[in-house]
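Pasted below: data-v1.pdb, PDB, C-alpha atoms.
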```pdb
ATOM      1  CA  GLN A 294     -73.378  15.391 -68.105
ATOM      2  CA  VAL A 295     -73.227  11.860 -66.760
ATOM      3  CA  GLN A 296     -69.979  10.015 -67.331
ATOM      4  CA  VAL A 297     -68.914   6.533 -66.253
ATOM      5  CA  VAL A 298     -65.386   5.741 -67.429
ATOM      6  CA  GLU A 299     -63.517   2.495 -66.862
ATOM      7  CA  SER A 300     -59.748   2.153 -66.977
ATOM      8  CA  GLY A 301     -57.014  -0.275 -65.999
ATOM      9  CA  GLY A 302     -57.633  -3.110 -68.417
ATOM     10  CA  GLY A 303     -54.885  -4.780 -70.389
ATOM     11  CA  LEU A 304     -52.984  -7.966 -71.087
ATOM     12  CA  VAL A 305     -51.845 -10.037 -68.114
ATOM     13  CA  GLN A 306     -50.444 -13.534 -67.699
ATOM     14  CA  PRO A 307     -52.399 -16.243 -65.900
ATOM     15  CA  GLY A 308     -51.941 -15.877 -62.165
ATOM     16  CA  GLY A 309     -51.353 -12.162 -62.466
ATOM     17  CA  SER A 310     -53.283  -9.185 -61.113
ATOM     18  CA  LEU A 311     -55.013  -6.084 -62.429
ATOM     19  CA  ARG A 312     -56.941  -3.292 -60.792
ATOM     20  CA  LEU A 313     -59.794  -1.744 -62.718
ATOM     21  CA  SER A 314     -61.099   1.718 -61.905
ATOM     22  CA  CYS A 315     -64.403   3.316 -62.763
ATOM     23  CA  ALA A 316     -64.640   7.079 -62.411
ATOM     24  CA  ALA A 317     -68.102   8.611 -62.305
ATOM     25  CA  SER A 318     -69.344  12.168 -62.663
ATOM     26  CA  GLY A 319     -72.550  14.058 -63.289
ATOM     27  CA  PHE A 320     -74.629  12.381 -60.600
ATOM     28  CA  THR A 321     -74.611  11.835 -56.829
ATOM     29  CA  PHE A 322     -72.253   8.902 -56.729
ATOM     30  CA  SER A 323     -72.782   7.886 -53.115
ATOM     31  CA  VAL A 324     -76.473   7.041 -53.549
ATOM     32  CA  TYR A 325     -75.828   4.668 -56.423
ATOM     33  CA  ASP A 326     -75.029   1.013 -56.103
ATOM     34  CA  MET A 327     -72.077   0.152 -58.315
ATOM     35  CA  SER A 328     -71.379  -3.072 -60.140
ATOM     36  CA  TRP A 329     -68.847  -4.634 -62.440
ATOM     37  CA  TYR A 330     -70.087  -6.802 -65.282
ATOM     38  CA  ARG A 331     -68.153  -8.633 -67.950
ATOM     39  CA  GLN A 332     -68.880  -9.995 -71.380
ATOM     40  CA  ALA A 333     -66.718 -12.557 -73.139
ATOM     41  CA  PRO A 334     -66.982 -13.153 -76.902
ATOM     42  CA  GLY A 335     -70.088 -15.129 -77.734
ATOM     43  CA  LYS A 336     -71.400 -14.982 -74.178
ATOM     44  CA  GLU A 337     -73.965 -12.932 -72.334
ATOM     45  CA  ARG A 338     -72.971 -10.104 -70.036
ATOM     46  CA  GLU A 339     -72.684 -11.359 -66.472
ATOM     47  CA  LEU A 340     -72.452  -9.782 -63.048
ATOM     48  CA  VAL A 341     -68.993 -10.012 -61.509
ATOM     49  CA  ALA A 342     -69.286  -7.971 -58.323
ATOM     50  CA  ALA A 343     -71.487  -5.319 -56.748
ATOM     51  CA  ILE A 344     -71.275  -2.854 -53.876
ATOM     52  CA  THR A 345     -73.902  -0.722 -52.209
ATOM     53  CA  GLY A 346     -73.772   3.057 -52.093
ATOM     54  CA  THR A 347     -72.247   3.189 -48.634
ATOM     55  CA  GLY A 348     -69.881   0.332 -49.378
ATOM     56  CA  GLY A 349     -71.380  -1.633 -46.530
ATOM     57  CA  SER A 350     -72.397  -4.646 -48.563
ATOM     58  CA  THR A 351     -70.803  -6.505 -51.444
ATOM     59  CA  ASN A 352     -71.576  -9.593 -53.461
ATOM     60  CA  TYR A 353     -69.651 -11.612 -55.988
ATOM     61  CA  ALA A 354     -70.159 -14.170 -58.712
ATOM     62  CA  ASP A 355     -69.127 -17.616 -57.524
ATOM     63  CA  SER A 356     -66.472 -17.755 -60.236
ATOM     64  CA  VAL A 357     -64.529 -14.813 -58.760
ATOM     65  CA  LYS A 358     -65.089 -15.210 -55.013
ATOM     66  CA  GLY A 359     -61.803 -15.162 -53.144
ATOM     67  CA  ARG A 360     -59.948 -13.706 -56.134
ATOM     68  CA  PHE A 361     -61.667 -10.378 -56.878
ATOM     69  CA  THR A 362     -62.453  -7.514 -54.519
ATOM     70  CA  ILE A 363     -64.775  -4.616 -55.218
ATOM     71  CA  SER A 364     -64.388  -1.353 -53.311
ATOM     72  CA  ARG A 365     -65.342   2.280 -53.662
ATOM     73  CA  ASP A 366     -64.127   5.702 -52.631
ATOM     74  CA  ASN A 367     -67.093   8.055 -52.478
ATOM     75  CA  ALA A 368     -64.810  11.043 -51.977
ATOM     76  CA  LYS A 369     -63.264  10.302 -55.377
ATOM     77  CA  ASN A 370     -66.462   9.089 -57.081
ATOM     78  CA  THR A 371     -64.616   5.946 -58.045
ATOM     79  CA  VAL A 372     -65.209   2.223 -57.768
ATOM     80  CA  TYR A 373     -62.456  -0.352 -58.084
ATOM     81  CA  LEU A 374     -62.144  -4.009 -58.942
ATOM     82  CA  GLN A 375     -58.981  -5.683 -57.705
ATOM     83  CA  MET A 376     -58.476  -8.894 -59.655
ATOM     84  CA  ASN A 377     -55.945 -11.444 -58.435
ATOM     85  CA  SER A 378     -55.034 -14.956 -59.553
ATOM     86  CA  LEU A 379     -56.403 -14.219 -62.999
ATOM     87  CA  LYS A 380     -57.394 -17.071 -65.276
ATOM     88  CA  SER A 381     -57.850 -17.270 -69.023
ATOM     89  CA  GLU A 382     -61.595 -17.541 -68.463
ATOM     90  CA  ASP A 383     -61.553 -14.053 -66.925
ATOM     91  CA  THR A 384     -60.830 -12.642 -70.376
ATOM     92  CA  ALA A 385     -63.668 -10.279 -71.274
ATOM     93  CA  VAL A 386     -64.700  -6.692 -71.648
ATOM     94  CA  TYR A 387     -65.423  -5.367 -68.171
ATOM     95  CA  TYR A 388     -68.180  -2.818 -67.722
ATOM     96  CA  CYS A 389     -69.077  -0.572 -64.827
ATOM     97  CA  LEU A 390     -72.710   0.066 -63.941
ATOM     98  CA  ALA A 391     -74.155   2.718 -61.674
ATOM     99  CA  ASP A 392     -77.719   1.941 -60.700
ATOM    100  CA  ARG A 393     -80.462   3.339 -58.576
ATOM    101  CA  ARG A 394     -83.046   0.768 -59.437
ATOM    102  CA  ARG A 395     -85.713   2.170 -57.124
ATOM    103  CA  TYR A 396     -85.820   5.114 -59.540
ATOM    104  CA  GLY A 397     -85.103   3.099 -62.677
ATOM    105  CA  THR A 398     -81.823   4.899 -63.304
ATOM    106  CA  TYR A 399     -78.881   3.058 -64.829
ATOM    107  CA  TYR A 400     -75.598   4.373 -66.215
ATOM    108  CA  TRP A 401     -73.162   2.121 -68.086
ATOM    109  CA  GLY A 402     -69.541   2.738 -68.922
ATOM    110  CA  GLN A 403     -68.000   1.975 -72.302
ATOM    111  CA  GLY A 404     -65.990  -1.020 -71.054
ATOM    112  CA  THR A 405     -62.343  -1.946 -70.723
ATOM    113  CA  GLN A 406     -60.731  -5.051 -72.208
ATOM    114  CA  VAL A 407     -59.045  -7.571 -69.921
ATOM    115  CA  THR A 408     -57.065 -10.323 -71.613
ATOM    116  CA  VAL A 409     -55.471 -13.111 -69.611
ATOM    117  CA  SER A 410     -52.999 -15.016 -71.734
ATOM    118  CA  SER A 411     -49.454 -16.307 -71.699
TER     119      SER A 411
END
```
So, in terms of structure tokens, how does the structure I just supplied come out?
Amino acid sequence: QVQVVESGGGLVQPGGSLRLSCAASGFTFSVYDMSWYRQAPGKERELVAAITGTGGSTNYADSVKGRFTISRDNAKNTVYLQMNSLKSEDTAVYYCLADRRRYGTYYWGQGTQVTVSS
């Protein structure tokens, strides 16, 4: 069955780094665009970063440009989010999304908590 599982969240001090991973199974990973979203308490879920199936194109929210990097390894069916220079406002639950919108197919992970605090 389809599984999308995030890992790598935790507590980090401001200015620190974390790398999130999202492991997928049960579908043809390489034809899906992959995205990271986040949702802070009391706020709507927002797009953080996205990458196309081949990895040839990426885009980022303005708030994370220059600090976060999305990448993928299609041989491992995994997408990553490297987060550097973390700020308190990056605190949120981070979700991974696999989508093939042409076919109306979307798979969400369960989320991983990232807390940036001293």
> So what do you get for CA of Ser310 (chain A) versus CA of Ala385 (chain A), distance-wise?
Replying inline: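 Separation between CA of Ser310 (chain A) and CA of Ala385 (chain A): 14.6 Å.
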>> One number please: CA of Asp383 (chain A) to CA of Ser364 (chain A), in Å, one decimal.
In response: 18.8 Å
Evaluate the PyMOL selection byres ((chain A and resi 300) around 7) here and jot the selected residues down as an mmCIF file with C-alpha atoms, in the coordinates of the input.
```
data_model
loop_
_atom_site.group_PDB
_atom_site.id
_atom_site.type_symbol
_atom_site.label_atom_id
_atom_site.label_comp_id
_atom_site.auth_asym_id
_atom_site.auth_seq_id
_atom_site.Cartn_x
_atom_site.Cartn_y
_atom_site.Cartn_z
ATOM 1 C CA VAL A 298 -65.386 5.741 -67.429
ATOM 2 C CA GLU A 299 -63.517 2.495 -66.862
ATOM 3 C CA GLY A 301 -57.014 -0.275 -65.999
ATOM 4 C CA GLY A 302 -57.633 -3.110 -68.417
ATOM 5 C CA LEU A 313 -59.794 -1.744 -62.718
ATOM 6 C CA SER A 314 -61.099 1.718 -61.905
ATOM 7 C CA CYS A 315 -64.403 3.316 -62.763
ATOM 8 C CA THR A 405 -62.343 -1.946 -70.723
#
```
>> I'd like the interatomic distance between CA of Asn370 (chain A) and CA of Gly348 (chain A), to a tenth of an Å.
In response: 12.2 Å
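Residue nearest Gln294 (chain A), chosen from A:Tyr400, A:Lys380, A:Leu340, A:Gln406 and counting all atoms listed in the file: A:Tyr400.
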